[in-house]
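Dropping coords_25.cif in here (mmCIF, C-alpha atoms, pLDDT in the B column; chains and numbers go by the auth columns):
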data_my_file
#
loop_
_atom_site.group_PDB
_atom_site.id
_atom_site.type_symbol
_atom_site.label_atom_id
_atom_site.label_comp_id
_atom_site.label_asym_id
_atom_site.label_seq_id
_atom_site.Cartn_x
_atom_site.Cartn_y
_atom_site.Cartn_z
_atom_site.B_iso_or_equiv
_atom_site.auth_seq_id
_atom_site.auth_asym_id
ATOM 1 C CA MET A 1 73.055 4.979 59.163 39.00 1 A
ATOM 2 C CA LYS A 2 75.207 2.141 60.503 47.00 2 A
ATOM 3 C CA LYS A 3 73.272 -0.485 62.440 47.00 3 A
ATOM 4 C CA THR A 4 74.630 -1.901 65.674 48.00 4 A
ATOM 5 C CA PRO A 5 74.436 -5.645 66.374 52.00 5 A
ATOM 6 C CA SER A 6 71.542 -7.110 68.349 57.00 6 A
ATOM 7 C CA ASP A 7 72.053 -8.322 71.917 58.00 7 A
ATOM 8 C CA ALA A 8 72.110 -11.909 70.667 57.00 8 A
ATOM 9 C CA SER A 9 75.031 -11.275 68.307 83.00 9 A
ATOM 10 C CA VAL A 10 77.225 -8.873 70.310 91.00 10 A
ATOM 11 C CA ASN A 11 79.149 -11.785 71.802 89.00 11 A
ATOM 12 C CA GLN A 12 80.083 -13.051 68.323 93.00 12 A
ATOM 13 C CA HIS A 13 81.362 -9.625 67.332 94.00 13 A
ATOM 14 C CA ILE A 14 83.392 -9.486 70.531 95.00 14 A
ATOM 15 C CA LEU A 15 84.949 -12.897 69.895 94.00 15 A
ATOM 16 C CA ARG A 16 85.873 -11.934 66.349 94.00 16 A
ATOM 17 C CA ARG A 17 87.527 -8.735 67.538 95.00 17 A
ATOM 18 C CA VAL A 18 89.421 -10.564 70.284 94.00 18 A
ATOM 19 C CA ALA A 19 90.638 -13.156 67.758 92.00 19 A
ATOM 20 C CA LYS A 20 91.715 -10.423 65.348 93.00 20 A
ATOM 21 C CA LYS A 21 93.755 -8.677 68.031 92.00 21 A
ATOM 22 C CA GLY A 22 95.611 -11.908 68.742 87.00 22 A
ATOM 23 C CA ARG A 23 96.834 -13.662 71.841 83.00 23 A
ATOM 24 C CA GLY A 24 97.900 -11.579 74.789 87.00 24 A
ATOM 25 C CA TRP A 25 95.400 -8.761 74.238 93.00 25 A
ATOM 26 C CA ALA A 26 93.627 -7.363 77.296 95.00 26 A
ATOM 27 C CA PHE A 27 90.400 -5.431 76.944 96.00 27 A
ATOM 28 C CA THR A 28 87.616 -3.578 78.733 96.00 28 A
ATOM 29 C CA PRO A 29 83.974 -2.896 77.770 96.00 29 A
ATOM 30 C CA HIS A 30 85.225 0.404 76.327 95.00 30 A
ATOM 31 C CA ASP A 31 86.897 -1.547 73.506 96.00 31 A
ATOM 32 C CA PHE A 32 83.456 -2.651 72.286 96.00 32 A
ATOM 33 C CA ALA A 33 81.505 0.573 72.751 93.00 33 A
ATOM 34 C CA ASP A 34 80.668 0.636 69.041 93.00 34 A
ATOM 35 C CA LEU A 35 78.856 -2.703 69.262 92.00 35 A
ATOM 36 C CA GLY A 36 75.948 -1.517 71.377 88.00 36 A
ATOM 37 C CA ASP A 37 74.882 0.122 74.609 90.00 37 A
ATOM 38 C CA PRO A 38 76.859 -0.619 77.799 91.00 38 A
ATOM 39 C CA ARG A 39 74.215 -3.052 79.053 91.00 39 A
ATOM 40 C CA SER A 40 74.400 -5.213 75.919 91.00 40 A
ATOM 41 C CA VAL A 41 78.180 -5.255 75.958 94.00 41 A
ATOM 42 C CA GLY A 42 78.245 -6.064 79.668 93.00 42 A
ATOM 43 C CA VAL A 43 75.775 -8.938 79.263 93.00 43 A
ATOM 44 C CA ALA A 44 77.797 -10.345 76.362 94.00 44 A
ATOM 45 C CA LEU A 45 81.067 -10.196 78.290 96.00 45 A
ATOM 46 C CA THR A 46 79.471 -11.886 81.309 95.00 46 A
ATOM 47 C CA ARG A 47 78.118 -14.641 79.057 94.00 47 A
ATOM 48 C CA LEU A 48 81.496 -15.196 77.408 95.00 48 A
ATOM 49 C CA VAL A 49 83.202 -15.443 80.801 95.00 49 A
ATOM 50 C CA ARG A 50 80.588 -17.956 81.942 94.00 50 A
ATOM 51 C CA ASP A 51 81.127 -20.020 78.776 93.00 51 A
ATOM 52 C CA GLY A 52 84.911 -19.987 79.233 91.00 52 A
ATOM 53 C CA LYS A 53 85.555 -18.035 76.041 92.00 53 A
ATOM 54 C CA ILE A 54 87.253 -15.146 77.836 93.00 54 A
ATOM 55 C CA ARG A 55 88.555 -14.550 81.346 92.00 55 A
ATOM 56 C CA ARG A 56 87.780 -11.798 83.824 92.00 56 A
ATOM 57 C CA VAL A 57 91.148 -10.549 85.088 89.00 57 A
ATOM 58 C CA ALA A 58 89.729 -7.859 87.375 88.00 58 A
ATOM 59 C CA ARG A 59 86.598 -5.767 87.600 88.00 59 A
ATOM 60 C CA GLY A 60 85.853 -4.511 84.086 91.00 60 A
ATOM 61 C CA LEU A 61 89.045 -6.051 82.698 93.00 61 A
ATOM 62 C CA TYR A 62 89.311 -9.189 80.559 94.00 62 A
ATOM 63 C CA ASP A 63 91.649 -11.291 78.434 93.00 63 A
ATOM 64 C CA SER A 64 91.511 -14.434 76.337 89.00 64 A
ATOM 65 C CA PRO A 65 93.716 -17.117 77.939 81.00 65 A
ATOM 66 C CA HIS A 66 95.312 -19.880 75.902 75.00 66 A
ATOM 67 C CA SER A 67 97.231 -23.064 76.647 66.00 67 A
ATOM 68 C CA HIS A 68 101.017 -23.164 76.388 61.00 68 A
ATOM 69 C CA PRO A 69 102.805 -26.557 76.266 60.00 69 A
ATOM 70 C CA VAL A 70 105.294 -25.495 78.941 57.00 70 A
ATOM 71 C CA LEU A 71 103.708 -22.586 80.821 55.00 71 A
ATOM 72 C CA GLY A 72 100.186 -23.958 80.943 58.00 72 A
ATOM 73 C CA GLN A 73 97.370 -21.416 80.700 65.00 73 A
ATOM 74 C CA THR A 74 98.639 -17.946 79.870 71.00 74 A
ATOM 75 C CA GLY A 75 96.858 -14.694 79.204 79.00 75 A
ATOM 76 C CA ALA A 76 97.558 -11.027 78.744 86.00 76 A
ATOM 77 C CA THR A 77 100.890 -9.580 79.786 87.00 77 A
ATOM 78 C CA ALA A 78 101.174 -6.865 82.402 89.00 78 A
ATOM 79 C CA ASP A 79 101.889 -4.329 79.654 90.00 79 A
ATOM 80 C CA ALA A 80 98.703 -5.340 77.793 93.00 80 A
ATOM 81 C CA VAL A 81 96.638 -5.022 80.981 93.00 81 A
ATOM 82 C CA ILE A 82 98.092 -1.575 81.675 93.00 82 A
ATOM 83 C CA ALA A 83 97.332 -0.472 78.118 94.00 83 A
ATOM 84 C CA ALA A 84 93.739 -1.722 78.412 95.00 84 A
ATOM 85 C CA VAL A 85 93.193 0.158 81.672 93.00 85 A
ATOM 86 C CA ALA A 86 94.622 3.332 80.135 93.00 86 A
ATOM 87 C CA ARG A 87 92.342 3.026 77.087 93.00 87 A
ATOM 88 C CA GLY A 88 89.248 2.226 79.099 91.00 88 A
ATOM 89 C CA ARG A 89 89.684 5.047 81.609 91.00 89 A
ATOM 90 C CA HIS A 90 91.349 7.585 79.289 92.00 90 A
ATOM 91 C CA LEU A 91 94.353 7.798 81.592 92.00 91 A
ATOM 92 C CA ARG A 92 97.743 9.371 81.294 93.00 92 A
ATOM 93 C CA LEU A 93 100.323 7.038 82.831 95.00 93 A
ATOM 94 C CA LEU A 94 103.884 7.482 84.002 96.00 94 A
ATOM 95 C CA PRO A 95 105.761 4.404 85.251 96.00 95 A
ATOM 96 C CA SER A 96 107.648 4.401 88.517 95.00 96 A
ATOM 97 C CA PRO A 97 111.450 4.750 88.298 96.00 97 A
ATOM 98 C CA GLN A 98 111.892 1.009 88.899 95.00 98 A
ATOM 99 C CA VAL A 99 109.416 0.055 86.169 96.00 99 A
ATOM 100 C CA ALA A 100 110.940 2.543 83.706 96.00 100 A
ATOM 101 C CA ALA A 101 114.456 1.257 84.328 97.00 101 A
ATOM 102 C CA ASN A 102 113.289 -2.293 83.650 95.00 102 A
ATOM 103 C CA GLN A 103 111.408 -1.296 80.486 94.00 103 A
ATOM 104 C CA LEU A 104 114.497 0.443 79.108 96.00 104 A
ATOM 105 C CA GLY A 105 116.752 -2.489 79.906 96.00 105 A
ATOM 106 C CA LEU A 106 118.811 -0.719 82.570 96.00 106 A
ATOM 107 C CA THR A 107 117.973 -3.497 84.997 92.00 107 A
ATOM 108 C CA THR A 108 116.740 -7.054 84.637 89.00 108 A
ATOM 109 C CA GLN A 109 114.904 -6.902 87.952 87.00 109 A
ATOM 110 C CA VAL A 110 111.157 -6.965 87.374 83.00 110 A
ATOM 111 C CA PRO A 111 109.326 -5.144 90.184 85.00 111 A
ATOM 112 C CA ALA A 112 106.791 -7.322 91.975 82.00 112 A
ATOM 113 C CA GLN A 113 104.652 -4.194 92.301 90.00 113 A
ATOM 114 C CA MET A 114 104.341 -2.217 89.070 94.00 114 A
ATOM 115 C CA ILE A 115 103.455 1.334 90.049 95.00 115 A
ATOM 116 C CA TYR A 116 102.126 3.975 87.660 95.00 116 A
ATOM 117 C CA GLN A 117 101.327 7.598 88.350 94.00 117 A
ATOM 118 C CA THR A 118 98.023 8.597 86.791 94.00 118 A
ATOM 119 C CA ASP A 119 95.551 11.432 86.545 91.00 119 A
ATOM 120 C CA GLY A 120 92.688 9.008 87.229 89.00 120 A
ATOM 121 C CA ALA A 121 91.278 7.343 90.300 89.00 121 A
ATOM 122 C CA PRO A 122 93.709 5.155 92.265 92.00 122 A
ATOM 123 C CA SER A 123 93.269 1.413 91.915 91.00 123 A
ATOM 124 C CA THR A 124 95.126 -1.887 92.059 92.00 124 A
ATOM 125 C CA VAL A 125 94.957 -4.814 89.641 90.00 125 A
ATOM 126 C CA LEU A 126 96.255 -8.215 90.739 87.00 126 A
ATOM 127 C CA LEU A 127 97.738 -10.132 87.797 84.00 127 A
ATOM 128 C CA GLY A 128 98.901 -13.495 89.074 79.00 128 A
ATOM 129 C CA LYS A 129 101.376 -12.703 91.863 81.00 129 A
ATOM 130 C CA ARG A 130 102.079 -9.231 90.524 85.00 130 A
ATOM 131 C CA GLN A 131 100.339 -6.053 91.585 91.00 131 A
ATOM 132 C CA ILE A 132 99.730 -3.245 89.122 94.00 132 A
ATOM 133 C CA VAL A 133 99.123 -0.100 91.147 95.00 133 A
ATOM 134 C CA PHE A 134 97.704 3.133 89.768 94.00 134 A
ATOM 135 C CA ARG A 135 98.423 6.099 92.031 93.00 135 A
ATOM 136 C CA ARG A 136 96.825 9.468 91.458 92.00 136 A
ATOM 137 C CA ASN A 137 99.294 12.283 90.825 87.00 137 A
ATOM 138 C CA THR A 138 98.397 15.570 89.183 73.00 138 A
ATOM 139 C CA GLY A 139 101.865 17.049 89.562 73.00 139 A
ATOM 140 C CA ARG A 140 104.307 18.316 86.987 76.00 140 A
ATOM 141 C CA ASN A 141 105.710 14.859 86.279 75.00 141 A
ATOM 142 C CA LEU A 142 102.553 13.836 84.433 89.00 142 A
ATOM 143 C CA ALA A 143 103.348 16.370 81.725 91.00 143 A
ATOM 144 C CA LEU A 144 105.734 13.691 80.449 94.00 144 A
ATOM 145 C CA ALA A 145 103.251 10.805 80.698 94.00 145 A
ATOM 146 C CA GLY A 146 103.184 8.581 77.644 92.00 146 A
ATOM 147 C CA ARG A 147 106.357 10.125 76.215 94.00 147 A
ATOM 148 C CA ALA A 148 109.847 8.716 75.756 95.00 148 A
ATOM 149 C CA SER A 149 111.217 11.650 77.713 96.00 149 A
ATOM 150 C CA GLY A 150 109.084 10.673 80.710 96.00 150 A
ATOM 151 C CA LEU A 151 110.236 7.069 80.533 97.00 151 A
ATOM 152 C CA VAL A 152 113.900 8.118 80.370 98.00 152 A
ATOM 153 C CA ALA A 153 113.510 10.654 83.185 97.00 153 A
ATOM 154 C CA GLN A 154 111.944 8.051 85.453 96.00 154 A
ATOM 155 C CA ALA A 155 114.661 5.518 84.619 97.00 155 A
ATOM 156 C CA LEU A 156 117.345 8.105 85.447 98.00 156 A
ATOM 157 C CA ARG A 157 115.665 8.691 88.803 97.00 157 A
ATOM 158 C CA ASP A 158 116.116 4.992 89.498 97.00 158 A
ATOM 159 C CA VAL A 159 119.814 5.179 88.588 97.00 159 A
ATOM 160 C CA GLY A 160 120.267 8.299 90.705 97.00 160 A
ATOM 161 C CA ASN A 161 121.833 11.735 90.392 97.00 161 A
ATOM 162 C CA GLY A 162 125.604 11.397 90.055 95.00 162 A
ATOM 163 C CA LYS A 163 125.441 7.665 89.287 97.00 163 A
ATOM 164 C CA VAL A 164 124.715 7.770 85.550 97.00 164 A
ATOM 165 C CA THR A 165 127.716 6.204 83.785 96.00 165 A
ATOM 166 C CA PRO A 166 128.894 6.506 80.159 96.00 166 A
ATOM 167 C CA ASP A 167 127.690 2.918 79.654 96.00 167 A
ATOM 168 C CA THR A 168 124.205 3.925 80.809 97.00 168 A
ATOM 169 C CA ILE A 169 124.158 6.838 78.376 97.00 169 A
ATOM 170 C CA GLN A 170 125.410 4.637 75.529 96.00 170 A
ATOM 171 C CA HIS A 171 122.745 2.030 76.294 97.00 171 A
ATOM 172 C CA LEU A 172 119.969 4.633 76.160 97.00 172 A
ATOM 173 C CA ARG A 173 121.425 6.197 73.023 96.00 173 A
ATOM 174 C CA GLN A 174 121.208 2.836 71.274 95.00 174 A
ATOM 175 C CA ARG A 175 117.815 1.978 72.740 95.00 175 A
ATOM 176 C CA LEU A 176 115.998 5.131 71.607 96.00 176 A
ATOM 177 C CA ASP A 177 115.022 5.902 68.036 96.00 177 A
ATOM 178 C CA ALA A 178 115.263 9.289 66.328 96.00 178 A
ATOM 179 C CA ALA A 179 111.693 10.302 67.252 96.00 179 A
ATOM 180 C CA ALA A 180 112.301 9.536 70.930 97.00 180 A
ATOM 181 C CA LYS A 181 115.501 11.574 70.921 96.00 181 A
ATOM 182 C CA LYS A 182 113.602 14.520 69.455 96.00 182 A
ATOM 183 C CA GLN A 183 111.167 14.247 72.354 96.00 183 A
ATOM 184 C CA LEU A 184 114.044 14.391 74.814 97.00 184 A
ATOM 185 C CA ILE A 185 115.186 17.672 73.281 96.00 185 A
ATOM 186 C CA ALA A 186 111.664 19.123 73.157 96.00 186 A
ATOM 187 C CA ASP A 187 110.958 18.247 76.803 95.00 187 A
ATOM 188 C CA MET A 188 114.291 19.365 78.241 94.00 188 A
ATOM 189 C CA THR A 189 112.745 22.094 80.398 94.00 189 A
ATOM 190 C CA LEU A 190 110.337 19.624 82.017 94.00 190 A
ATOM 191 C CA VAL A 191 113.016 17.510 83.705 95.00 191 A
ATOM 192 C CA PRO A 192 115.285 18.358 86.676 95.00 192 A
ATOM 193 C CA ALA A 193 118.395 20.374 85.903 96.00 193 A
ATOM 194 C CA TRP A 194 120.735 17.455 86.627 97.00 194 A
ATOM 195 C CA MET A 195 119.098 15.370 83.896 97.00 195 A
ATOM 196 C CA ARG A 196 119.413 17.950 81.118 97.00 196 A
ATOM 197 C CA PRO A 197 123.098 17.344 80.280 97.00 197 A
ATOM 198 C CA ILE A 198 122.363 13.610 80.261 97.00 198 A
ATOM 199 C CA PHE A 199 119.454 14.126 77.864 97.00 199 A
ATOM 200 C CA LEU A 200 121.804 16.049 75.560 96.00 200 A
ATOM 201 C CA LYS A 201 124.423 13.302 75.677 96.00 201 A
ATOM 202 C CA ILE A 202 121.808 10.656 74.892 97.00 202 A
ATOM 203 C CA THR A 203 120.663 12.560 71.812 95.00 203 A
ATOM 204 C CA ARG A 204 124.164 13.023 70.431 88.00 204 A
ATOM 205 C CA ASP A 205 125.321 10.594 67.772 72.00 205 A
ATOM 206 C CA ASP A 206 129.030 11.238 68.164 54.00 206 A
ATOM 207 C CA GLY A 207 129.370 9.108 71.297 51.00 207 A
#
Re-express the file's structure as structure tokens.
Amino acid sequence: MKKTPSDASVNQHILRRVAKKGRGWAFTPHDFADLGDPRSVGVALTRLVRDGKIRRVARGLYDSPHSHPVLGQTGATADAVIAAVARGRHLRLLPSPQVAANQLGLTTQVPAQMIYQTDGAPSTVLLGKRQIVFRRNTGRNLALAGRASGLVAQALRDVGNGKVTPDTIQHLRQRLDAAAKKQLIADMTLVPAWMRPIFLKITRDDG
């Protein structure tokens, strides 16, 4: 039977795991559930924050900041924080149209408020000057959460019905890999009717 670390050593195991994951990783107590009971993990995280080894970004959310010669102290990216929240709370997430369009390179404008639909409890995380907002939504849209088809559908909502150009389609065709294009085909019935011809054009390789 595998032994779990003692309370006195949990913090060392946490630091080793954080170092192994590399800079920019965000994490929650859930990421260390195998190291001991929640109390031991919580005590260790509190101690490491107090000692300046890690940083508390928000309630139950941490990262390991490091110094950059130009940017100063930097920590986890917004994407890493979102991934940590999703892991820790077992959430399905679907980005807002504005966030999806930015992630797919259809716009260079980064939303000041990053909004995600989720099947979990609503909450807001403040990361620097940026808000990451989780809004509860149990509707049909969440069927596409975590899938390339959901990301594309949300980005097309940002572009707008009747405003999708051949350049937009070509950009998405080049951006998506073969597996993502297969998802678009498989999920065709889950998107609005106006998006279906666009999905088909994106998946074609003949331009």
Around all the atoms of region 126-135 of chain A listed in the file, draw an axis-aligned box and extend it by 5 Å on each of the six sides; I want its centre and edge lengths in Å to one decimal, as JSON.
{"center_x": 99.2, "center_y": -3.7, "center_z": 89.9, "size_x": 15.8, "size_y": 29.6, "size_z": 14.2}
Quiz prompt | Given the PyMOL selection byres ((chain A and resi 138) around 6), the residues it picks as a VMD selection string | solution = chain A and resid 119 137 139
Quiz item: Of the candidates A:Arg39, A:Arg23, A:His171, A:Lys163, which one gets nearest to Leu104 (chain A) if we count all atoms listed in the file?
Solution: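 Using all atoms listed in the file, the shortest distance to Leu104 (chain A) belongs to A:His171.
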Exercise. Given the file shown, enumerate the residues that the PyMOL selection byres ((chain A and resi 80-93) around 9) captures and present them as a ChimeraX atom specification.
Key: /A:24-31,57,61-63,76-79,94-95,116-120,125,127,132,134,142-146
Exercise. I need the residue set behind the PyMOL selection byres ((chain A and resi 189-202) around 12) for this file; please write it as JSON, numbers by chain.
Key: {"A": [139, 140, 141, 142, 143, 144, 145, 147, 148, 149, 150, 151, 152, 153, 154, 155, 156, 157, 159, 160, 161, 162, 163, 164, 165, 166, 167, 168, 169, 170, 171, 172, 173, 174, 175, 176, 177, 178, 180, 181, 182, 183, 184, 185, 186, 187, 188, 203, 204, 205, 206, 207]}
Self-check item: Shortest interatomic distance to Arg47 (chain A) - which of A:His66, A:Val10, A:Lys21, A:Asp34, counting all atoms listed in the file
Solution: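 Nearest to Arg47 (chain A): A:Val10.
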Quiz item: For Ala44 (chain A), which residue out of A:Arg59, A:Ser64, A:Arg17, A:Asn11 is the nearest one, using all atoms listed in the file?
Solution: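 Distance minimum relative to Ala44 (chain A) lands on A:Asn11.
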Practice problem: For CA of Ile115 (chain A) and CA of Ser96 (chain A), quote the distance in Å rounded to one decimal. | Solution: 5.4 Å
Quiz prompt | Nearest-residue call for Pro38 (chain A), choices A:Gly75, A:Gly60, A:Leu15, A:Gln131, using only C-alpha atoms | solution =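 Under the stated criterion, the closest residue is A:Gly60.
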Practice problem: Take CA of Gly22 (chain A) and CA of Thr74 (chain A) and report the distance between them in Å, one decimal. | Solution: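 Separation of CA of Gly22 (chain A) and CA of Thr74 (chain A): 13.0 Å.
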